[in-house]
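Shown below: protein.cif, with mmCIF, C-alpha atoms.
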data_final
#
loop_
_atom_site.label_atom_id
_atom_site.label_comp_id
_atom_site.auth_asym_id
_atom_site.auth_seq_id
_atom_site.Cartn_x
_atom_site.Cartn_y
_atom_site.Cartn_z
CA MET A 53 13.49 -27.67 46.00
CA LYS A 54 13.80 -24.01 46.99
CA LEU A 55 16.41 -21.51 45.82
CA ARG A 56 17.54 -19.92 49.07
CA LEU A 57 19.56 -16.67 49.20
CA LYS A 58 21.40 -15.18 52.13
CA ASN A 59 22.73 -11.66 52.69
CA VAL A 60 26.48 -11.54 52.10
CA ARG A 61 27.39 -7.93 52.78
CA PRO A 62 26.14 -4.38 52.33
CA LEU A 63 27.38 -2.83 49.09
CA ARG A 64 29.46 0.36 49.02
CA VAL A 65 27.05 2.74 47.27
CA LEU A 66 28.50 6.07 46.11
CA ASN A 67 26.27 9.00 45.26
CA PHE A 68 27.73 11.76 43.12
CA ASP A 69 27.01 14.76 40.93
CA CYS A 70 29.06 17.10 38.77
CA GLU A 71 28.64 20.64 37.44
CA CYS A 72 30.08 22.03 34.20
CA ARG A 73 30.67 25.25 32.35
CA PRO A 74 30.42 25.78 28.59
CA MET A 75 33.71 26.07 26.68
CA HIS A 76 33.04 26.54 22.97
CA TRP A 77 30.29 26.34 20.36
CA TYR A 78 30.40 23.49 17.92
CA GLY A 79 27.13 23.92 16.12
CA GLY A 80 23.88 25.72 16.96
CA ASP A 81 23.53 25.93 20.72
CA TRP A 82 25.72 22.86 21.34
CA VAL A 83 28.74 23.56 23.47
CA SER A 84 31.69 21.56 24.70
CA LYS A 85 32.02 21.49 28.47
CA GLU A 86 34.45 21.53 31.32
CA ILE A 87 33.75 20.16 34.78
CA THR A 88 33.76 22.84 37.47
CA ALA A 89 32.77 20.77 40.51
CA ILE A 90 32.24 17.18 41.63
CA ALA A 91 30.60 16.16 44.90
CA TRP A 92 30.24 12.64 46.26
CA ALA A 93 29.32 10.71 49.37
CA PHE A 94 28.95 7.06 50.28
CA ILE A 95 25.43 6.22 51.43
CA ASP A 96 24.94 5.01 55.01
CA PRO A 97 23.80 1.37 54.59
CA LYS A 98 21.82 1.56 57.83
CA ARG A 99 20.20 4.92 57.04
CA PRO A 100 19.86 5.00 53.24
CA ALA A 101 18.52 8.57 53.19
CA LYS A 102 21.76 9.82 54.78
CA PRO A 103 25.37 10.12 53.63
CA LEU A 104 28.04 8.21 55.49
CA GLY A 105 29.94 11.19 56.87
CA GLU A 106 30.36 14.49 55.08
CA VAL A 107 29.77 15.07 51.38
CA GLU A 108 33.14 15.48 49.65
CA VAL A 109 33.37 18.31 47.16
CA ARG A 110 36.11 19.51 44.84
CA VAL A 111 35.86 22.60 42.64
CA LEU A 112 37.79 24.08 39.76
CA ARG A 113 39.79 27.16 40.74
CA LEU A 114 41.27 30.00 38.78
CA PRO A 115 44.52 28.61 37.36
CA ASP A 116 47.96 30.12 37.40
CA PRO A 117 47.69 32.88 34.72
CA GLU A 118 51.26 32.13 33.65
CA CYS A 119 50.43 28.54 32.58
CA GLU A 120 52.49 27.52 29.56
CA THR A 121 50.82 24.17 28.92
CA LEU A 122 47.40 22.57 29.30
CA ALA A 123 48.96 20.20 31.83
CA ASP A 124 49.91 23.25 33.93
CA TYR A 125 46.34 24.49 33.64
CA PHE A 126 44.84 21.18 34.80
CA ARG A 127 47.30 21.02 37.70
CA THR A 128 47.04 24.61 38.94
CA SER A 129 43.25 24.80 38.55
CA GLY A 130 42.77 21.75 40.78
CA MET A 131 41.30 19.71 37.93
CA ILE A 132 43.75 16.82 38.41
CA ASP A 133 43.10 16.66 42.17
CA MET A 134 39.33 16.87 41.64
CA LEU A 135 39.31 14.02 39.13
CA THR A 136 41.76 11.73 40.93
CA ASP A 137 40.01 12.16 44.30
CA PHE A 138 36.66 11.35 42.72
CA VAL A 139 38.00 8.36 40.80
CA ALA A 140 39.53 6.97 44.01
CA ALA A 141 36.07 6.98 45.61
CA TYR A 142 34.51 5.63 42.39
CA ASN A 143 36.95 2.72 42.39
CA GLU A 144 36.07 1.90 46.02
CA ALA A 145 32.35 1.75 45.24
CA ASP A 146 30.38 -1.38 44.30
CA VAL A 147 27.57 0.78 42.93
CA VAL A 148 27.38 4.44 41.93
CA VAL A 149 24.14 6.43 42.00
CA GLY A 150 22.99 9.79 40.72
CA HIS A 151 20.43 11.63 38.64
CA PHE A 152 20.82 11.04 34.89
CA VAL A 153 24.40 9.91 35.51
CA LYS A 154 24.05 7.22 32.83
CA GLY A 155 23.08 9.87 30.32
CA TYR A 156 25.35 12.74 31.34
CA ASP A 157 27.67 12.75 34.34
CA LEU A 158 29.63 9.52 33.83
CA SER A 159 30.39 10.18 30.18
CA THR A 160 31.18 13.84 30.91
CA ILE A 161 33.68 12.80 33.58
CA ASN A 162 35.14 10.26 31.15
CA GLY A 163 35.60 13.04 28.59
CA GLN A 164 37.30 15.24 31.16
CA LEU A 165 39.58 12.36 32.20
CA LEU A 166 40.56 11.85 28.57
CA GLU A 167 41.38 15.53 28.08
CA ALA A 168 43.33 15.68 31.34
CA GLY A 169 45.40 12.63 30.36
CA LEU A 170 44.10 10.41 33.15
CA PRO A 171 42.85 6.78 33.01
CA LEU A 172 39.16 6.44 32.08
CA LEU A 173 36.44 5.19 34.40
CA SER A 174 36.26 1.44 34.94
CA ASN A 175 33.06 -0.57 34.43
CA LYS A 176 30.61 -0.18 37.29
CA LEU A 177 27.09 -1.04 38.43
CA VAL A 178 25.08 2.17 38.15
CA GLN A 179 21.66 3.10 39.54
CA ASP A 180 20.14 6.20 37.95
CA THR A 181 17.26 8.02 39.64
CA LYS A 182 16.03 9.22 36.24
CA VAL A 183 16.84 6.43 33.80
CA ASP A 184 15.96 3.55 36.15
CA LEU A 185 12.51 4.82 37.10
CA PRO A 186 9.47 2.79 36.08
CA LYS A 187 7.63 3.90 32.94
CA LEU A 188 6.07 7.24 33.88
CA GLN A 189 4.20 9.79 31.83
CA GLY A 190 2.70 13.14 32.68
CA LEU A 191 5.31 13.93 35.34
CA SER A 192 8.63 15.66 35.04
CA LYS A 193 11.54 13.41 35.93
CA SER A 194 13.89 16.24 36.87
CA GLN A 195 15.41 15.82 40.29
CA GLU A 196 13.89 19.10 41.44
CA ASN A 197 10.38 18.14 40.34
CA LEU A 198 10.63 14.57 41.64
CA GLY A 199 11.78 16.07 44.94
CA GLY A 200 8.67 18.24 45.04
CA THR A 201 6.37 15.40 44.00
CA LEU A 202 7.75 13.10 46.68
CA GLY A 203 7.93 15.78 49.37
CA LEU A 204 11.67 15.49 49.98
CA LYS A 205 13.17 17.46 52.86
CA HIS A 206 16.30 18.46 50.95
CA PRO A 207 15.52 21.27 48.50
CA LYS A 208 17.16 21.83 45.15
CA VAL A 209 19.74 24.60 45.63
CA GLY A 210 18.53 27.10 43.05
CA MET A 211 20.94 28.84 40.67
CA ASN A 212 19.66 31.43 38.22
CA GLN A 213 21.44 32.66 35.10
CA ALA A 214 23.29 35.42 36.97
CA ASP A 215 24.43 32.92 39.62
CA TRP A 216 25.78 30.52 36.97
CA ARG A 217 27.56 33.30 35.08
CA VAL A 218 29.32 34.32 38.28
CA ALA A 219 30.04 30.71 39.26
CA ASN A 220 31.52 29.85 35.87
CA ARG A 221 33.95 32.76 36.10
CA LEU A 222 35.51 30.80 38.99
CA ILE A 223 35.55 33.77 41.34
CA GLY A 224 35.21 33.22 45.09
CA PHE A 225 31.53 33.78 45.82
CA GLY A 226 30.58 32.17 42.53
CA VAL A 227 32.57 29.03 43.28
CA ARG A 228 30.94 28.85 46.71
CA GLY A 229 27.57 28.89 44.94
CA THR A 230 28.64 25.96 42.78
CA GLU A 231 29.76 24.10 45.91
CA ARG A 232 26.40 24.64 47.60
CA ARG A 233 24.59 23.51 44.46
CA VAL A 234 26.56 20.33 43.82
CA VAL A 235 26.55 19.28 47.50
CA GLY A 236 22.82 20.04 47.66
CA ASP A 237 22.21 17.85 44.62
CA VAL A 238 24.03 14.93 46.25
CA LEU A 239 22.10 15.28 49.52
CA GLN A 240 18.79 15.58 47.67
CA ASN A 241 19.62 12.63 45.42
CA ILE A 242 20.50 10.39 48.38
CA GLU A 243 17.08 11.15 49.86
CA LEU A 244 15.43 10.76 46.44
CA ARG A 245 16.94 7.29 45.95
CA ALA A 246 15.86 6.15 49.42
CA THR A 247 12.33 7.46 48.85
CA LEU A 248 12.03 5.88 45.40
CA LEU A 249 13.25 2.53 46.78
CA ALA A 250 10.76 2.70 49.65
CA ARG A 251 8.01 3.31 47.06
CA GLY A 252 9.19 0.43 44.89
CA ALA A 253 9.91 2.89 42.09
CA LEU A 254 13.60 2.35 41.34
CA SER A 255 15.18 -0.58 39.51
CA GLU A 256 18.36 -2.37 40.46
CA PRO A 257 21.69 -1.01 39.19
CA THR A 258 22.85 -2.17 35.79
CA PRO A 259 26.37 -2.37 34.33
CA TRP A 260 27.81 0.81 32.83
CA SER A 261 30.84 0.69 30.61
CA GLY A 262 32.71 3.73 29.40
CA ASN A 263 33.96 1.63 26.53
CA ASN A 264 30.55 1.29 24.84
CA LEU A 265 30.29 2.96 21.49
CA PRO A 266 27.61 5.66 21.41
CA GLU A 267 24.23 4.49 20.13
CA GLY A 268 23.74 7.50 17.91
CA TYR A 269 25.82 10.16 16.28
CA THR A 270 26.65 13.12 18.45
CA PRO A 271 28.73 15.89 16.91
CA MET B 220 31.21 -51.02 7.50
CA ARG B 221 28.57 -53.71 7.98
CA LYS B 222 24.93 -52.89 7.30
CA ARG B 223 22.64 -53.55 10.27
CA THR B 224 19.63 -55.84 9.99
CA GLU B 225 16.07 -54.58 10.27
CA ALA B 226 15.82 -56.02 13.82
CA GLU B 227 19.05 -54.32 14.88
CA MET B 228 17.76 -51.02 13.47
CA GLU B 229 14.44 -51.38 15.36
CA ARG B 230 16.31 -52.13 18.61
CA ALA B 231 18.56 -49.08 18.12
CA LYS B 232 15.47 -46.99 17.39
CA ILE B 233 13.87 -48.07 20.71
CA ILE B 234 17.04 -47.21 22.64
CA LYS B 235 17.59 -43.83 20.96
CA ALA B 236 13.93 -42.73 20.98
CA GLY B 237 13.39 -44.03 24.53
CA ARG B 238 16.37 -42.15 25.90
CA THR B 239 15.35 -38.98 24.06
CA LEU B 240 11.70 -39.15 25.19
CA ILE B 241 12.65 -39.72 28.85
CA ARG B 242 15.16 -36.86 28.74
CA LEU B 243 12.56 -34.61 27.04
CA LYS B 244 9.99 -35.42 29.73
CA HIS B 245 12.43 -34.40 32.49
CA SER B 246 13.64 -31.39 30.53
CA LEU B 247 10.07 -30.07 30.18
CA ALA B 248 9.44 -30.70 33.89
CA ALA B 249 12.70 -28.84 34.64
CA ASP B 250 11.56 -25.89 32.52
CA LYS B 251 8.41 -25.68 34.65
CA GLU B 252 10.36 -25.88 37.93
CA ILE B 253 12.87 -23.27 36.70
CA ASN B 254 10.01 -20.97 35.73
CA ASP B 255 8.41 -21.51 39.14
CA LEU B 256 11.57 -20.79 41.13
CA LEU B 257 14.12 -18.73 39.20
CA PRO B 258 12.22 -15.45 38.60
CA ASP B 259 11.43 -15.14 42.32
CA ALA B 260 15.04 -15.83 43.30
CA VAL B 261 16.38 -13.31 40.75
CA ALA B 262 13.79 -10.73 41.85
CA ASP B 263 14.88 -11.28 45.46
CA PHE B 264 18.53 -10.77 44.42
CA ASN B 265 17.74 -7.68 42.31
CA ASN B 266 15.64 -6.10 45.05
CA ALA B 267 18.48 -6.54 47.53
CA LEU B 268 20.93 -5.15 44.96
CA ALA B 269 18.74 -2.08 44.41
CA ASN B 270 18.78 -1.50 48.16
CA GLY B 271 22.56 -1.86 48.41
CA GLU B 272 22.82 -5.43 49.68
CA LEU B 273 24.64 -8.35 48.07
CA LYS B 274 22.97 -11.77 48.33
CA GLN B 275 24.34 -15.22 47.57
CA LEU B 276 22.73 -18.54 46.62
CA THR B 277 22.98 -21.08 49.43
CA THR B 278 21.08 -23.95 47.80
CA GLY B 279 23.59 -26.52 46.61
CA LEU B 280 23.95 -29.78 44.70
CA SER B 281 22.92 -31.88 47.71
CA ASP B 282 19.61 -29.99 47.85
CA ALA B 283 18.97 -31.01 44.25
CA ILE B 284 20.11 -34.65 44.14
CA GLY B 285 20.82 -35.56 47.77
CA GLU B 286 24.16 -36.41 49.31
CA VAL B 287 26.67 -37.85 46.82
#

As structure tokens, how would this structure be written, given the file I've shared?
Amino acid sequence: MKLRLKNVRPLRVLNFDCECRPMHWYGGDWVSKEITAIAWAFIDPKRPAKPLGEVEVRVLRLPDPECETLADYFRTSGMIDMLTDFVAAYNEADVVVGHFVKGYDLSTINGQLLEAGLPLLSNKLVQDTKVDLPKLQGLSKSQENLGGTLGLKHPKVGMNQADWRVANRLIGFGVRGTERRVVGDVLQNIELRATLLARGALSEPTPWSGNNLPEGYTP
Amino acid sequence: MRKRTEAEMERAKIIKAGRTLIRLKHSLAADKEINDLLPDAVADFNNALANGELKQLTTGLSDAIGEV
């Protein structure tokens, strides 16, 4: 007897990335964070190194300075729109992909959803271009360095300290820098995933649940 | 409750041990067949999943035991 499989359908694979700014110190150099931008794109199932259409991006804006409540702040800064638009795409996806999203982005977005009073992320299959690599040693697993190692066409959009300080003040040219960075990360990660898959160097997606208790204490 | 005779106990032993040994023989053979087939099928599924494609098992009961 043979166990035969047939293709059923292409999966809706969503690539995404988020950027944050520090908010307050809670011990040593640890800071709490706030999301300043999210970018996402579905991957073209026929051309896995390309997005299906344009990369969507939403950024945090300067809020109404007369805000009387945190709800006003989240609404007037565009935070609510940014989160709800992303979650709509997330809910459409069969699989979500990104770099270190299992270790950072998904739980950071969940934290922001909690603070903004929105429903948390649902369970999802997640493929992480850092966490789901084979066992590697002697090489950096940062997206930028993997991109260099693998000769990707899309570069990492560089941001130095001065760029981030401007960007995190949410002023026009700074916000545009954040947009370029987060969109660039999505485009580079789509190409990174396709290249890793072609090299047999990326595992299948595994279930992610925002309801899991943390494995270790984090203050 | 009536106690069974020695002959009745020996006959019951043959039936119980025989059934168990035959089932064990087929169970061990099944373990080998599962080990031969299942990892490849799951790897095929996982590889498709990694590449953004959903696959489905088409082998059915009739492939295993014939038409019923």

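Near chain B, within 6 Å and counting only C-alpha atoms, the residues of chain A are A:Leu55, A:Arg56, A:Leu57, A:Lys58, A:Asn59, A:Val60, A:Arg61, A:Pro62, A:Leu63, A:Glu256.
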
Those residues you just picked out, can you put them in a file as a CSV table (one decimal), in the frame of the given file with C-alpha atoms?
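What ended up in selection.csv:
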chain,number,residue,atom,x,y,z
A,55,LEU,CA,16.4,-21.5,45.8
A,56,ARG,CA,17.5,-19.9,49.1
A,57,LEU,CA,19.6,-16.7,49.2
A,58,LYS,CA,21.4,-15.2,52.1
A,59,ASN,CA,22.7,-11.7,52.7
A,60,VAL,CA,26.5,-11.5,52.1
A,61,ARG,CA,27.4,-7.9,52.8
A,62,PRO,CA,26.1,-4.4,52.3
A,63,LEU,CA,27.4,-2.8,49.1
A,256,GLU,CA,18.4,-2.4,40.5

- [ ] Excluding Leu165 in chain A and any residue of its chain fewer than 6 positions from it, enumerate the residues within 9 Å of it, using only C-alpha atoms, and give them as a PyMOL selection string.
- [x] chain A and resi 132+135+171-173

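Applied to the file shown here, the PyMOL selection byres ((chain A and resi 262) around 8) selects the residues Leu158, Ser159, Asn162, Leu172, Leu173, Ser174, Asn175, Trp260, Ser261, Asn263 and Asn264 of chain A.
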
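Note that the spacing between CA of Val234 in chain A and CA of Leu202 in chain A amounts to 20.4 Å.
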
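Going from CA of Lys85 in chain A to CA of Gly163 in chain A covers 9.2 Å.
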
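Between CA of Val139 in chain A and CA of Tyr78 in chain A lies a distance of 28.5 Å.
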
Open item on the list: Need the shell around Ala101 in chain A: protein/DNA/RNA residues with any atom at most 7 Å away, counting only C-alpha atoms. Skip same-chain ones fewer than 6 positions apart. Format as a PyMOL selection string?
Closed with: chain A and resi 242-243+246

TODO: Considering only C-alpha atoms, state which residue in the set A:Thr247, A:Thr121, A:Thr160, A:Thr201 is at the smallest distance from Thr88 in chain A.
DONE: A:Thr160

Task: Residue members of the PyMOL selection byres ((chain A and resi 75) around 12) in the file shown, as a list in words - done: Cys72, Arg73, Pro74, His76, Trp77, Tyr78, Asp81, Trp82, Val83, Ser84, Lys85, Glu86, Ile87, Thr88, Asn220 and Arg221 of chain A
